[in-house]
file model-v7.csv (CSV, C-alpha atoms)
chain,number,residue,atom,x,y,z
A,549,MET,CA,87.8,16.7,50.4
A,550,SER,CA,86.8,18.0,53.8
A,551,LYS,CA,85.6,15.7,56.5
A,552,LEU,CA,82.0,14.6,56.3
A,553,THR,CA,79.5,15.9,58.8
A,554,LYS,CA,76.8,14.0,60.6
A,555,GLU,CA,74.2,16.2,58.9
A,556,GLN,CA,75.5,15.3,55.5
A,557,ILE,CA,75.4,11.6,56.3
A,558,ILE,CA,71.9,11.8,57.8
A,559,ASN,CA,70.6,13.7,54.7
A,560,ALA,CA,72.2,11.1,52.4
A,561,ILE,CA,70.5,8.1,54.1
A,562,LYS,CA,67.3,9.3,55.9
A,563,ASP,CA,65.1,8.8,52.8
A,564,VAL,CA,66.3,5.2,52.2
A,565,LYS,CA,63.3,3.0,52.7
A,566,ASP,CA,63.2,-0.2,54.8
A,567,PRO,CA,62.5,-2.7,52.0
A,568,ASP,CA,60.1,-4.8,54.0
A,569,LEU,CA,58.1,-1.9,55.5
A,570,ASN,CA,58.4,0.6,52.7
A,571,ILE,CA,59.0,3.4,55.2
A,572,SER,CA,62.1,5.6,55.3
A,573,LEU,CA,64.8,5.2,57.9
A,574,GLY,CA,64.0,8.8,59.0
A,575,GLU,CA,60.4,8.1,59.5
A,576,LEU,CA,61.2,4.9,61.5
A,577,ASN,CA,63.7,6.8,63.7
A,578,ALA,CA,66.1,4.1,62.8
A,579,ILE,CA,69.3,6.3,62.6
A,580,ASP,CA,70.5,5.9,66.2
A,581,LYS,CA,74.0,7.3,66.2
A,582,ILE,CA,76.9,8.4,63.9
A,583,GLU,CA,80.6,8.4,64.8
A,584,ILE,CA,83.0,10.1,62.5
A,585,GLU,CA,86.6,9.0,63.1
A,586,GLU,CA,89.0,7.1,60.9
A,587,THR,CA,86.1,4.9,60.0
A,588,CYS,CA,82.6,6.5,59.7
A,589,LYS,CA,80.3,4.3,61.8
A,590,ILE,CA,76.5,4.6,61.3
A,591,TYR,CA,74.4,2.8,63.9
A,592,LEU,CA,70.9,1.8,62.9
A,593,LYS,CA,68.1,0.3,65.0
A,594,LEU,CA,65.5,-1.7,62.9
A,595,ILE,CA,62.3,-3.6,63.6
A,596,GLN,CA,63.1,-7.2,64.4
A,597,PRO,CA,63.9,-9.8,63.1
A,598,ILE,CA,66.8,-8.2,61.2
A,599,TYR,CA,68.7,-11.2,59.8
A,600,TRP,CA,67.7,-10.8,56.2
A,601,VAL,CA,67.0,-7.1,56.0
A,602,ALA,CA,70.4,-6.1,57.5
A,603,GLU,CA,72.2,-7.3,54.4
A,604,ASP,CA,69.8,-5.6,52.0
A,605,ILE,CA,69.9,-2.2,53.8
A,606,ASN,CA,73.7,-2.4,54.2
A,607,VAL,CA,74.2,-2.6,50.4
A,608,VAL,CA,71.9,0.3,49.7
A,609,LEU,CA,73.4,2.5,52.3
A,610,ILE,CA,77.0,1.9,51.3
A,611,ASP,CA,76.0,2.9,47.7
A,612,LYS,CA,74.4,6.1,49.0
A,613,LEU,CA,77.4,7.0,51.1
A,614,ARG,CA,79.8,6.3,48.3
A,615,GLU,CA,78.1,9.2,46.5
A,616,LEU,CA,79.3,11.5,49.4
A,617,SER,CA,82.8,10.1,49.5
A,618,ASP,CA,84.6,7.3,47.7
A,619,SER,CA,87.6,7.6,50.0
A,620,THR,CA,86.0,7.3,53.4
A,621,GLU,CA,85.6,3.9,55.0
A,622,PHE,CA,82.0,3.3,56.2
A,623,GLU,CA,80.7,0.7,58.6
A,624,ILE,CA,77.0,0.1,59.2
A,625,ILE,CA,76.1,-1.4,62.6
A,626,ILE,CA,72.6,-2.7,62.8
A,627,SER,CA,70.7,-3.8,65.9
A,628,GLU,CA,67.1,-4.3,66.9
A,629,GLN,CA,64.7,-1.7,68.2
A,630,GLU,CA,63.5,-2.6,71.7
A,631,GLN,CA,60.1,-4.3,72.0
A,632,ASP,CA,58.5,-5.5,75.2
A,633,PHE,CA,58.3,-9.3,75.2
A,634,LYS,CA,59.3,-9.9,78.8
A,635,SER,CA,56.0,-8.7,80.2
A,636,ARG,CA,54.2,-11.5,78.4
A,637,LYS,CA,53.0,-14.3,80.7
A,638,VAL,CA,53.6,-17.1,78.1
A,639,LEU,CA,57.0,-17.6,76.4
A,640,PRO,CA,58.2,-14.1,77.5
A,641,GLY,CA,61.7,-14.7,76.0
A,642,VAL,CA,60.5,-15.6,72.5
A,643,LYS,CA,60.1,-12.8,69.9
A,644,ASN,CA,58.4,-14.6,67.1
A,645,ILE,CA,56.2,-17.7,67.3
A,646,ILE,CA,55.5,-19.4,64.0
A,647,ALA,CA,52.9,-22.2,63.8
A,648,VAL,CA,53.5,-24.7,61.0
A,649,ALA,CA,50.3,-26.6,60.2
A,650,SER,CA,48.7,-28.8,57.7
A,651,GLY,CA,45.1,-29.9,57.0
A,652,LYS,CA,46.1,-33.5,56.7
A,653,GLY,CA,49.0,-35.8,57.4
A,654,GLY,CA,51.6,-37.0,54.9
A,655,VAL,CA,52.3,-33.7,53.3
A,656,GLY,CA,55.8,-33.2,54.8
A,657,LYS,CA,54.8,-30.6,57.3
A,658,SER,CA,57.5,-31.7,59.9
A,659,ASN,CA,60.1,-31.7,57.2
A,660,ILE,CA,59.3,-28.1,56.2
A,661,ALA,CA,59.2,-27.1,59.9
A,662,ALA,CA,62.6,-28.6,60.6
A,663,ASN,CA,64.2,-26.9,57.5
A,664,LEU,CA,62.6,-23.5,58.4
A,665,ALA,CA,64.2,-23.8,61.8
A,666,ALA,CA,67.6,-24.7,60.3
A,667,SER,CA,67.4,-22.0,57.7
A,668,LEU,CA,66.7,-19.4,60.3
A,669,SER,CA,69.5,-20.7,62.5
A,670,LYS,CA,72.0,-20.6,59.6
A,671,LYS,CA,71.2,-16.9,59.2
A,672,GLY,CA,72.2,-16.3,62.8
A,673,ALA,CA,68.9,-16.3,64.6
A,674,ARG,CA,68.4,-18.0,67.9
A,675,VAL,CA,65.8,-20.7,67.1
A,676,GLY,CA,63.8,-23.4,68.9
A,677,ILE,CA,61.4,-26.0,67.4
A,678,LEU,CA,58.6,-27.5,69.5
A,679,ASP,CA,57.3,-30.8,68.1
A,680,ALA,CA,53.6,-30.7,69.2
A,681,ASP,CA,52.5,-33.9,67.4
A,682,ILE,CA,51.7,-36.1,70.3
A,683,TYR,CA,50.7,-39.1,68.3
A,684,GLY,CA,53.6,-39.0,65.8
A,685,PRO,CA,56.5,-36.9,66.9
A,686,SER,CA,59.0,-36.5,64.0
A,687,GLN,CA,61.5,-33.9,65.1
A,688,PRO,CA,63.6,-36.3,67.2
A,689,THR,CA,64.3,-38.4,64.0
A,690,MET,CA,64.9,-35.3,61.8
A,691,PHE,CA,67.4,-33.9,64.2
A,692,GLY,CA,69.1,-37.3,65.0
A,693,LEU,CA,67.7,-37.3,68.6
A,694,THR,CA,65.7,-40.5,68.5
A,695,ASN,CA,66.8,-41.8,71.9
A,696,ALA,CA,67.4,-38.4,73.5
A,697,GLN,CA,65.7,-37.4,76.8
A,698,MET,CA,65.3,-33.8,77.9
A,699,GLY,CA,67.1,-32.8,81.0
A,700,ALA,CA,66.1,-30.3,83.7
A,701,VAL,CA,67.1,-26.7,84.4
A,702,LYS,CA,66.5,-24.5,87.5
A,703,THR,CA,65.3,-21.0,86.6
A,704,GLU,CA,66.0,-17.7,88.4
A,705,ASP,CA,62.7,-17.8,90.2
A,706,GLY,CA,63.5,-21.3,91.6
A,707,LYS,CA,61.3,-23.4,89.3
A,708,THR,CA,62.6,-26.6,87.8
A,709,LEU,CA,61.7,-26.9,84.1
A,710,ALA,CA,62.5,-29.3,81.3
A,711,SER,CA,65.5,-28.2,79.1
A,712,PRO,CA,65.3,-28.5,75.3
A,713,ILE,CA,68.2,-30.4,73.6
A,714,LYS,CA,70.4,-28.3,71.4
A,715,LYS,CA,71.4,-29.8,68.0
A,716,TYR,CA,72.9,-27.8,65.1
A,717,ASN,CA,72.5,-24.7,67.3
A,718,ILE,CA,68.7,-25.3,67.4
A,719,GLN,CA,66.8,-26.0,70.6
A,720,VAL,CA,64.5,-29.0,70.1
A,721,ALA,CA,61.7,-30.2,72.4
A,722,SER,CA,59.3,-33.0,71.6
A,723,MET,CA,56.8,-35.3,73.4
A,724,GLY,CA,59.0,-38.0,71.9
A,725,MET,CA,61.6,-36.9,74.4
A,726,LEU,CA,59.3,-37.1,77.4
A,727,MET,CA,57.3,-40.3,76.7
A,728,LYS,CA,58.3,-43.8,76.1
A,729,LYS,CA,58.3,-44.8,72.4
A,730,ASP,CA,54.8,-46.4,72.4
A,731,ASP,CA,53.0,-44.2,74.9
A,732,ALA,CA,51.7,-41.7,72.4
A,733,ALA,CA,49.5,-44.3,70.8
A,734,VAL,CA,47.3,-44.5,74.0
A,735,VAL,CA,46.8,-40.8,74.7
A,736,ARG,CA,43.1,-40.0,74.7
A,737,GLY,CA,41.7,-36.8,73.1
A,738,PRO,CA,41.0,-34.8,76.3
A,739,MET,CA,44.6,-35.4,77.4
A,740,LEU,CA,46.1,-33.9,74.2
A,741,ALA,CA,45.7,-30.2,75.2
A,742,GLY,CA,47.3,-30.9,78.6
A,743,TYR,CA,50.3,-32.6,77.1
A,744,PHE,CA,50.7,-29.8,74.6
A,745,SER,CA,50.4,-27.1,77.3
A,746,MET,CA,53.1,-28.9,79.2
A,747,LEU,CA,55.5,-28.5,76.3
A,748,PHE,CA,55.4,-24.7,76.4
A,749,GLU,CA,54.6,-24.1,80.0
A,750,GLN,CA,57.1,-26.5,81.6
A,751,VAL,CA,60.0,-26.2,79.1
A,752,PHE,CA,62.6,-23.5,79.5
A,753,TRP,CA,63.2,-21.9,76.1
A,754,GLY,CA,65.1,-18.8,77.3
A,755,ASN,CA,65.6,-16.0,74.8
A,756,LEU,CA,64.8,-16.9,71.2
A,757,ASP,CA,64.3,-14.9,68.0
A,758,PHE,CA,62.0,-17.7,66.6
A,759,LEU,CA,60.1,-20.6,68.1
A,760,ILE,CA,58.7,-22.9,65.4
A,761,PHE,CA,55.6,-25.0,66.5
A,762,ASP,CA,55.4,-28.2,64.4
A,763,LEU,CA,51.6,-28.8,64.9
A,764,PRO,CA,49.9,-32.1,64.4
A,765,PRO,CA,47.7,-32.3,61.2
A,766,GLY,CA,44.1,-31.2,61.4
A,767,THR,CA,42.1,-28.6,63.3
A,768,GLY,CA,41.6,-30.2,66.7
A,769,ASP,CA,42.3,-29.6,70.4
A,770,ILE,CA,46.0,-28.8,70.1
A,771,GLN,CA,45.5,-26.2,67.4
A,772,LEU,CA,42.8,-24.5,69.4
A,773,THR,CA,44.9,-24.6,72.6
A,774,LEU,CA,47.7,-23.0,70.7
A,775,THR,CA,45.6,-20.1,69.4
A,776,GLN,CA,43.9,-19.5,72.8
A,777,LYS,CA,47.0,-19.6,75.0
A,778,ILE,CA,50.0,-18.5,72.9
A,779,PRO,CA,50.7,-15.1,71.1
A,780,VAL,CA,51.3,-16.6,67.7
A,781,SER,CA,53.0,-14.2,65.2
A,782,GLY,CA,51.7,-16.1,62.2
A,783,SER,CA,51.0,-19.5,60.7
A,784,VAL,CA,52.4,-21.4,57.7
A,785,VAL,CA,50.2,-24.0,56.1
A,786,VAL,CA,51.9,-26.9,54.2
A,787,THR,CA,50.1,-28.8,51.5
A,788,THR,CA,50.8,-31.0,48.4
A,789,PRO,CA,49.3,-30.0,45.0
A,790,GLN,CA,46.6,-32.7,44.8
A,791,GLU,CA,43.0,-31.8,45.5
A,792,ILE,CA,42.5,-34.1,48.5
A,793,ALA,CA,45.3,-32.2,50.4
A,794,VAL,CA,44.2,-28.8,49.2
A,795,ALA,CA,40.6,-29.4,50.5
A,796,ASP,CA,42.0,-29.9,54.0
A,797,VAL,CA,44.1,-26.8,53.7
A,798,ARG,CA,41.0,-24.7,53.2
A,799,ARG,CA,39.8,-26.0,56.6
A,800,ALA,CA,43.1,-25.2,58.3
A,801,ILE,CA,43.2,-21.6,56.9
A,802,SER,CA,39.5,-21.1,57.9
A,803,MET,CA,40.4,-22.2,61.4
A,804,PHE,CA,43.3,-19.7,61.7
A,805,ASN,CA,41.1,-17.0,60.3
A,806,LYS,CA,38.3,-17.7,62.9
A,807,VAL,CA,40.7,-17.4,65.8
A,808,ASN,CA,42.4,-14.3,64.4
A,809,VAL,CA,45.9,-15.8,63.6
A,810,ASP,CA,47.6,-14.4,60.6
A,811,VAL,CA,48.3,-16.9,57.8
A,812,PHE,CA,51.7,-15.9,56.5
A,813,GLY,CA,51.2,-18.2,53.5
A,814,ILE,CA,51.2,-21.6,52.0
A,815,VAL,CA,54.1,-23.9,51.2
A,816,GLU,CA,53.4,-26.4,48.4
A,817,ASN,CA,55.6,-29.4,49.3
A,818,MET,CA,56.4,-32.3,46.9
A,819,SER,CA,55.4,-29.9,44.2
A,820,TYR,CA,57.3,-31.6,41.3
A,821,PHE,CA,60.0,-34.1,40.7
A,822,THR,CA,63.2,-33.3,38.7
A,823,PRO,CA,65.3,-36.4,37.8
A,824,PRO,CA,69.0,-35.9,38.7
A,825,ASP,CA,69.9,-36.8,35.1
A,826,ALA,CA,67.4,-34.4,33.5
A,827,PRO,CA,67.7,-31.1,35.6
A,828,ASP,CA,65.6,-29.2,33.1
A,829,LYS,CA,62.5,-31.4,33.4
A,830,LYS,CA,59.7,-31.3,36.0
A,831,TYR,CA,57.2,-34.1,36.6
A,832,TYR,CA,54.1,-33.1,38.5
A,833,ILE,CA,53.5,-36.4,40.2
A,834,PHE,CA,50.8,-35.2,42.6
A,835,GLY,CA,49.2,-32.8,40.2
A,836,GLU,CA,49.8,-29.1,39.6
A,837,GLY,CA,48.5,-25.8,40.8
A,838,GLY,CA,46.7,-26.8,44.0
A,839,GLY,CA,48.7,-24.4,46.2
A,840,GLU,CA,48.2,-21.5,43.9
A,841,GLU,CA,44.5,-22.1,43.7
A,842,VAL,CA,43.9,-22.1,47.4
A,843,ALA,CA,46.3,-19.2,48.0
A,844,GLY,CA,44.3,-17.1,45.5
A,845,GLU,CA,41.0,-18.3,47.0
A,846,PHE,CA,41.9,-17.0,50.5
A,847,GLY,CA,44.1,-14.1,49.4
A,848,VAL,CA,47.3,-15.4,51.0
A,849,ASP,CA,50.7,-15.8,49.6
A,850,LEU,CA,52.1,-19.0,48.0
A,851,LEU,CA,55.5,-18.8,49.8
A,852,GLY,CA,57.1,-21.4,47.6
A,853,LYS,CA,57.1,-24.8,45.9
A,854,VAL,CA,59.4,-27.3,47.4
A,855,PRO,CA,60.3,-30.2,45.0
A,856,LEU,CA,60.0,-33.9,45.8
A,857,ASP,CA,63.6,-34.7,46.5
A,858,ILE,CA,65.2,-38.0,47.5
A,859,GLU,CA,68.1,-36.1,49.1
A,860,MET,CA,65.6,-34.4,51.3
A,861,ARG,CA,64.1,-37.7,52.4
A,862,ASP,CA,67.6,-39.1,53.1
A,863,ALA,CA,68.5,-36.0,55.1
A,864,ASN,CA,65.3,-36.3,57.2
A,865,ASP,CA,65.9,-39.9,57.9
A,866,GLY,CA,69.5,-39.3,58.6
A,867,GLY,CA,68.9,-36.7,61.3
A,868,MET,CA,70.1,-33.5,59.5
A,869,PRO,CA,67.8,-31.1,57.6
A,870,ILE,CA,68.7,-30.7,54.0
A,871,VAL,CA,69.5,-27.0,54.3
A,872,LEU,CA,72.3,-28.0,56.6
A,873,LYS,CA,73.4,-31.2,54.8
A,874,ARG,CA,73.1,-29.9,51.2
A,875,PRO,CA,73.4,-26.1,51.4
A,876,ASP,CA,73.8,-25.7,47.6
A,877,SER,CA,70.9,-27.9,46.6
A,878,ASN,CA,67.9,-26.6,44.7
A,879,ALA,CA,65.5,-27.5,47.6
A,880,THR,CA,67.7,-25.6,50.0
A,881,GLN,CA,67.7,-22.4,47.9
A,882,ILE,CA,63.9,-22.6,47.7
A,883,ILE,CA,63.5,-23.2,51.5
A,884,ASN,CA,65.8,-20.2,52.2
A,885,GLU,CA,63.6,-18.0,50.0
A,886,ILE,CA,60.5,-19.2,51.9
A,887,THR,CA,62.2,-18.5,55.2
A,888,LYS,CA,63.1,-15.0,54.1
A,889,SER,CA,59.5,-14.4,53.1
A,890,ILE,CA,58.4,-15.6,56.6
A,891,SER,CA,61.0,-13.3,58.2
A,892,ILE,CA,59.6,-10.3,56.3
A,893,LYS,CA,56.1,-11.1,57.4
A,894,ALA,CA,57.3,-11.4,61.0
A,895,ARG,CA,58.9,-8.0,60.7
A,896,LYS,CA,55.6,-6.5,59.4
A,897,LYS,CA,53.8,-8.0,62.4
A,898,SER,CA,56.4,-6.7,64.8
A,899,PHE,CA,56.0,-3.2,63.3
A,900,GLU,CA,52.2,-3.4,63.6
A,901,LEU,CA,52.4,-4.4,67.2
A,902,LYS,CA,55.0,-1.7,68.0
A,903,GLU,CA,52.8,1.0,66.4
A,904,ASN,CA,49.6,-0.4,67.9
A,905,PRO,CA,50.6,-2.1,71.2
A,906,GLY,CA,46.9,-2.7,72.0
A,907,VAL,CA,46.5,-4.9,69.0
A,908,LYS,CA,46.1,-8.6,69.9
A,909,ILE,CA,47.6,-11.3,67.6
A,910,ASN,CA,45.0,-13.9,68.6
A,911,LEU,CA,41.7,-14.1,70.6

call {"tool": "encode", "arguments": {"input": "model-v7.csv", "output": "structure tokens"}}
result
Amino acid sequence: MSKLTKEQIINAIKDVKDPDLNISLGELNAIDKIEIEETCKIYLKLIQPIYWVAEDINVVLIDKLRELSDSTEFEIIISEQEQDFKSRKVLPGVKNIIAVASGKGGVGKSNIAANLAASLSKKGARVGILDADIYGPSQPTMFGLTNAQMGAVKTEDGKTLASPIKKYNIQVASMGMLMKKDDAAVVRGPMLAGYFSMLFEQVFWGNLDFLIFDLPPGTGDIQLTLTQKIPVSGSVVVTTPQEIAVADVRRAISMFNKVNVDVFGIVENMSYFTPPDAPDKKYYIFGEGGGEEVAGEFGVDLLGKVPLDIEMRDANDGGMPIVLKRPDSNATQIINEITKSISIKARKKSFELKENPGVKINL
């Protein structure tokens, strides 16, 4: 068979659709370069973040190219299309900012936030997590950094900023690393926004694909400061199935809607319990269907149902998120799927902003 031409290759793949955006690679101008030597290399540039979509598109393209030639070796090289984050005044090096919130405490919000960060990091993303719960910071415990204190770093413009602590390849910053153990209990309401602003204004995050904000429960000063000062890509609201938690979720979603922050979806945590000796059984200890009900009510996605799992609790208390400690567990698989869904929604938001640069994410 004669050597393939660039035109043949382009014609073979230009109509393949980006599975997240449902737009063809040709329409997206994603085919950047083709090199035909011993190995045929196709360079693509896709809307960020690419960590999940790259695998999916690679499989489809190889199948398409095999129809042209089953003897040619093909290599797909995928990188990100350029977007201007550097001109942003706040967190200029961070591409996607995800707020993880809950209407009330005790629903496992911090646990979900820690595992989302870990799941993203495992996929290859550069990730940070900011623990914004002034009264009850949990991330130092969940990452095994209980007694850790943030250091200092000098930036290129001569400023001295606090430096997050890296654990499991994730940058972690928390008020628990800046304050003495009992100080948080005596912080008055008007001081909360100031402490929170300090975490993102005086901490050097550098270049990140994702920064996860673990917000305190409720709809108070910190949540409002977040939406007013930070270009949030989207929010994830965590609940448990019972009505008392779901009622507070309604308030949390309403708050994000009012301040024009996209709600990427709801995570129903502690959804059911499966005994280790009866893997086919599910016991709905906290009730059933609450997450689905409120998701339908507000027209948002139910991202997933995370089981009540003693291994997850042990992992949290032991300082290693379950997606790292037990990568093959059922809870890990569910969290990975939730994280993939969030990544897809972040890509759609990136595409929207790229196509309409004047659109603001929040008021």

call {"tool": "residues_around", "arguments": {"input": "model-v7.csv", "residues": "Glu586 in chain A", "least_positions_apart": "2", "cutoff": "10 Å", "atoms": "only C-alpha atoms", "output": "PDB file with C-alpha atoms, in the frame of the given file"}}
result
ATOM      1  CA  GLU A 583      80.600   8.400  64.800  1.00  0.00           C
ATOM      2  CA  ILE A 584      83.000  10.100  62.500  1.00  0.00           C
ATOM      3  CA  CYS A 588      82.600   6.500  59.700  1.00  0.00           C
ATOM      4  CA  LYS A 589      80.300   4.300  61.800  1.00  0.00           C
ATOM      5  CA  THR A 620      86.000   7.300  53.400  1.00  0.00           C
ATOM      6  CA  GLU A 621      85.600   3.900  55.000  1.00  0.00           C
ATOM      7  CA  PHE A 622      82.000   3.300  56.200  1.00  0.00           C
TER       8      PHE A 622
END

call {"tool": "atom_distance", "arguments": {"input": "model-v7.csv", "atom1": "CA of Arg861 in chain A", "atom2": "CA of Gly782 in chain A"}}
result
26.8 Å

call {"tool": "closest_atom_pairs", "arguments": {"input": "model-v7.csv", "of": "range 820-871 of chain A", "to": "range 648-670 of chain A", "cutoff": "7 Å", "atoms": "all atoms listed in the file", "output": "JSON lines"}}
result
{"residue": "A:Asn864", "atom": "CA", "partner": "A:Asn659", "partner_atom": "CA", "distance": 6.9}
{"residue": "A:Pro869", "atom": "CA", "partner": "A:Asn663", "partner_atom": "CA", "distance": 5.5}
{"residue": "A:Ile870", "atom": "CA", "partner": "A:Asn663", "partner_atom": "CA", "distance": 6.9}
{"residue": "A:Val871", "atom": "CA", "partner": "A:Asn663", "partner_atom": "CA", "distance": 6.2}

call {"tool": "closest_residue", "arguments": {"input": "model-v7.csv", "among": "A:Ala800, A:Leu616, A:Ile598, A:Leu678", "to": "Lys551 in chain A", "atoms": "all atoms listed in the file"}}
result
A:Leu616

call {"tool": "residues_around", "arguments": {"input": "model-v7.csv", "residues": "Gln687 in chain A", "least_positions_apart": "2", "cutoff": "12 Å", "atoms": "all atoms listed in the file", "output": "mmCIF file with C-alpha atoms, in the coordinates of the input"}}
result
data_model
loop_
_atom_site.group_PDB
_atom_site.id
_atom_site.type_symbol
_atom_site.label_atom_id
_atom_site.label_comp_id
_atom_site.auth_asym_id
_atom_site.auth_seq_id
_atom_site.Cartn_x
_atom_site.Cartn_y
_atom_site.Cartn_z
ATOM 1 C CA GLY A 656 55.800 -33.200 54.800
ATOM 2 C CA LYS A 657 54.800 -30.600 57.300
ATOM 3 C CA SER A 658 57.500 -31.700 59.900
ATOM 4 C CA ASN A 659 60.100 -31.700 57.200
ATOM 5 C CA ILE A 660 59.300 -28.100 56.200
ATOM 6 C CA ALA A 661 59.200 -27.100 59.900
ATOM 7 C CA ALA A 662 62.600 -28.600 60.600
ATOM 8 C CA ASN A 663 64.200 -26.900 57.500
ATOM 9 C CA ALA A 665 64.200 -23.800 61.800
ATOM 10 C CA GLY A 676 63.800 -23.400 68.900
ATOM 11 C CA ILE A 677 61.400 -26.000 67.400
ATOM 12 C CA LEU A 678 58.600 -27.500 69.500
ATOM 13 C CA ASP A 679 57.300 -30.800 68.100
ATOM 14 C CA ALA A 680 53.600 -30.700 69.200
ATOM 15 C CA ASP A 681 52.500 -33.900 67.400
ATOM 16 C CA ILE A 682 51.700 -36.100 70.300
ATOM 17 C CA GLY A 684 53.600 -39.000 65.800
ATOM 18 C CA PRO A 685 56.500 -36.900 66.900
ATOM 19 C CA THR A 689 64.300 -38.400 64.000
ATOM 20 C CA MET A 690 64.900 -35.300 61.800
ATOM 21 C CA PHE A 691 67.400 -33.900 64.200
ATOM 22 C CA GLY A 692 69.100 -37.300 65.000
ATOM 23 C CA LEU A 693 67.700 -37.300 68.600
ATOM 24 C CA THR A 694 65.700 -40.500 68.500
ATOM 25 C CA ASN A 695 66.800 -41.800 71.900
ATOM 26 C CA ALA A 696 67.400 -38.400 73.500
ATOM 27 C CA ILE A 713 68.200 -30.400 73.600
ATOM 28 C CA LYS A 715 71.400 -29.800 68.000
ATOM 29 C CA ILE A 718 68.700 -25.300 67.400
ATOM 30 C CA GLN A 719 66.800 -26.000 70.600
ATOM 31 C CA VAL A 720 64.500 -29.000 70.100
ATOM 32 C CA ALA A 721 61.700 -30.200 72.400
ATOM 33 C CA SER A 722 59.300 -33.000 71.600
ATOM 34 C CA MET A 723 56.800 -35.300 73.400
ATOM 35 C CA GLY A 724 59.000 -38.000 71.900
ATOM 36 C CA MET A 725 61.600 -36.900 74.400
ATOM 37 C CA ILE A 760 58.700 -22.900 65.400
ATOM 38 C CA PHE A 761 55.600 -25.000 66.500
ATOM 39 C CA ASP A 762 55.400 -28.200 64.400
ATOM 40 C CA LEU A 763 51.600 -28.800 64.900
ATOM 41 C CA PRO A 764 49.900 -32.100 64.400
ATOM 42 C CA ASN A 864 65.300 -36.300 57.200
ATOM 43 C CA ASP A 865 65.900 -39.900 57.900
ATOM 44 C CA GLY A 866 69.500 -39.300 58.600
ATOM 45 C CA GLY A 867 68.900 -36.700 61.300
ATOM 46 C CA MET A 868 70.100 -33.500 59.500
ATOM 47 C CA PRO A 869 67.800 -31.100 57.600
#

call {"tool": "atom_distance", "arguments": {"input": "model-v7.csv", "atom1": "CA of Val797 in chain A", "atom2": "CA of Ile646 in chain A"}}
result
17.1 Å

call {"tool": "residues_around", "arguments": {"input": "model-v7.csv", "residues": "range 843-858 of chain A", "least_positions_apart": "5", "cutoff": "9 Å", "atoms": "only C-alpha atoms", "output": "MDAnalysis selection string"}}
result
chainID A and resid 660 784 798 801:802 811:822 833 838 863 878:880 882:883 885:887 889:890

call {"tool": "residues_around", "arguments": {"input": "model-v7.csv", "residues": "Ala578 in chain A", "least_positions_apart": "4", "cutoff": "7 Å", "atoms": "all atoms listed in the file", "output": "list of chain:residue names"}}
result
A:Leu573, A:Gly574, A:Leu592, A:Lys593, A:Leu594

call {"tool": "residues_around", "arguments": {"input": "model-v7.csv", "residues": "Arg674 in chain A", "least_positions_apart": "2", "cutoff": "7 Å", "atoms": "all atoms listed in the file", "output": "mmCIF file with C-alpha atoms, in the frame of the given file"}}
result
data_model
loop_
_atom_site.group_PDB
_atom_site.id
_atom_site.type_symbol
_atom_site.label_atom_id
_atom_site.label_comp_id
_atom_site.auth_asym_id
_atom_site.auth_seq_id
_atom_site.Cartn_x
_atom_site.Cartn_y
_atom_site.Cartn_z
ATOM 1 C CA SER A 669 69.500 -20.700 62.500
ATOM 2 C CA GLY A 672 72.200 -16.300 62.800
ATOM 3 C CA LEU A 756 64.800 -16.900 71.200
ATOM 4 C CA ASP A 757 64.300 -14.900 68.000
ATOM 5 C CA PHE A 758 62.000 -17.700 66.600
#

call {"tool": "atom_distance", "arguments": {"input": "model-v7.csv", "atom1": "CA of Phe899 in chain A", "atom2": "CA of Asp810 in chain A"}}
result
14.3 Å

call {"tool": "closest_residue", "arguments": {"input": "model-v7.csv", "among": "A:Lys554, A:Lys671, A:Lys893, A:Lys873", "to": "Ala602 in chain A", "atoms": "only C-alpha atoms"}}
result
A:Lys671

call {"tool": "closest_residue", "arguments": {"input": "model-v7.csv", "among": "A:Gly742, A:Gly766, A:Pro597, A:Gly641", "to": "Ser627 in chain A", "atoms": "all atoms listed in the file"}}
result
A:Pro597

call {"tool": "closest_residue", "arguments": {"input": "model-v7.csv", "among": "A:Leu901, A:Val607, A:Val564, A:Leu872", "to": "Gln631 in chain A", "atoms": "only C-alpha atoms"}}
result
A:Leu901

call {"tool": "closest_residue", "arguments": {"input": "model-v7.csv", "among": "A:Tyr683, A:Trp600, A:Tyr831, A:Phe752", "to": "Glu704 in chain A", "atoms": "all atoms listed in the file"}}
result
A:Phe752

call {"tool": "closest_residue", "arguments": {"input": "model-v7.csv", "among": "A:Pro827, A:Pro688, A:Ala647, A:Trp753", "to": "Leu774 in chain A", "atoms": "only C-alpha atoms"}}
result
A:Ala647

call {"tool": "build_atoms", "arguments": {"input": "model-v7.csv", "residues": "range 671-676 of chain A", "atoms": "N, CA and C atoms", "output": "compact mmCIF listing (two decimals), keeping the file's coordinate frame"}}
result
# COMPACT_ATOMS: atom_id res chain seq x y z
N LYS A 671 71.13 -18.34 59.41
CA LYS A 671 71.20 -16.90 59.20
C LYS A 671 71.70 -16.17 60.45
N GLY A 672 71.74 -16.89 61.57
CA GLY A 672 72.20 -16.30 62.80
C GLY A 672 71.17 -16.11 63.88
N ALA A 673 69.92 -16.47 63.58
CA ALA A 673 68.90 -16.30 64.60
C ALA A 673 68.95 -17.38 65.65
N ARG A 674 68.47 -17.02 66.83
CA ARG A 674 68.40 -18.00 67.90
C ARG A 674 67.00 -18.67 67.77
N VAL A 675 67.03 -19.99 67.58
CA VAL A 675 65.80 -20.70 67.10
C VAL A 675 65.56 -21.92 68.01
N GLY A 676 64.26 -22.16 68.24
CA GLY A 676 63.80 -23.40 68.90
C GLY A 676 62.72 -24.01 68.02
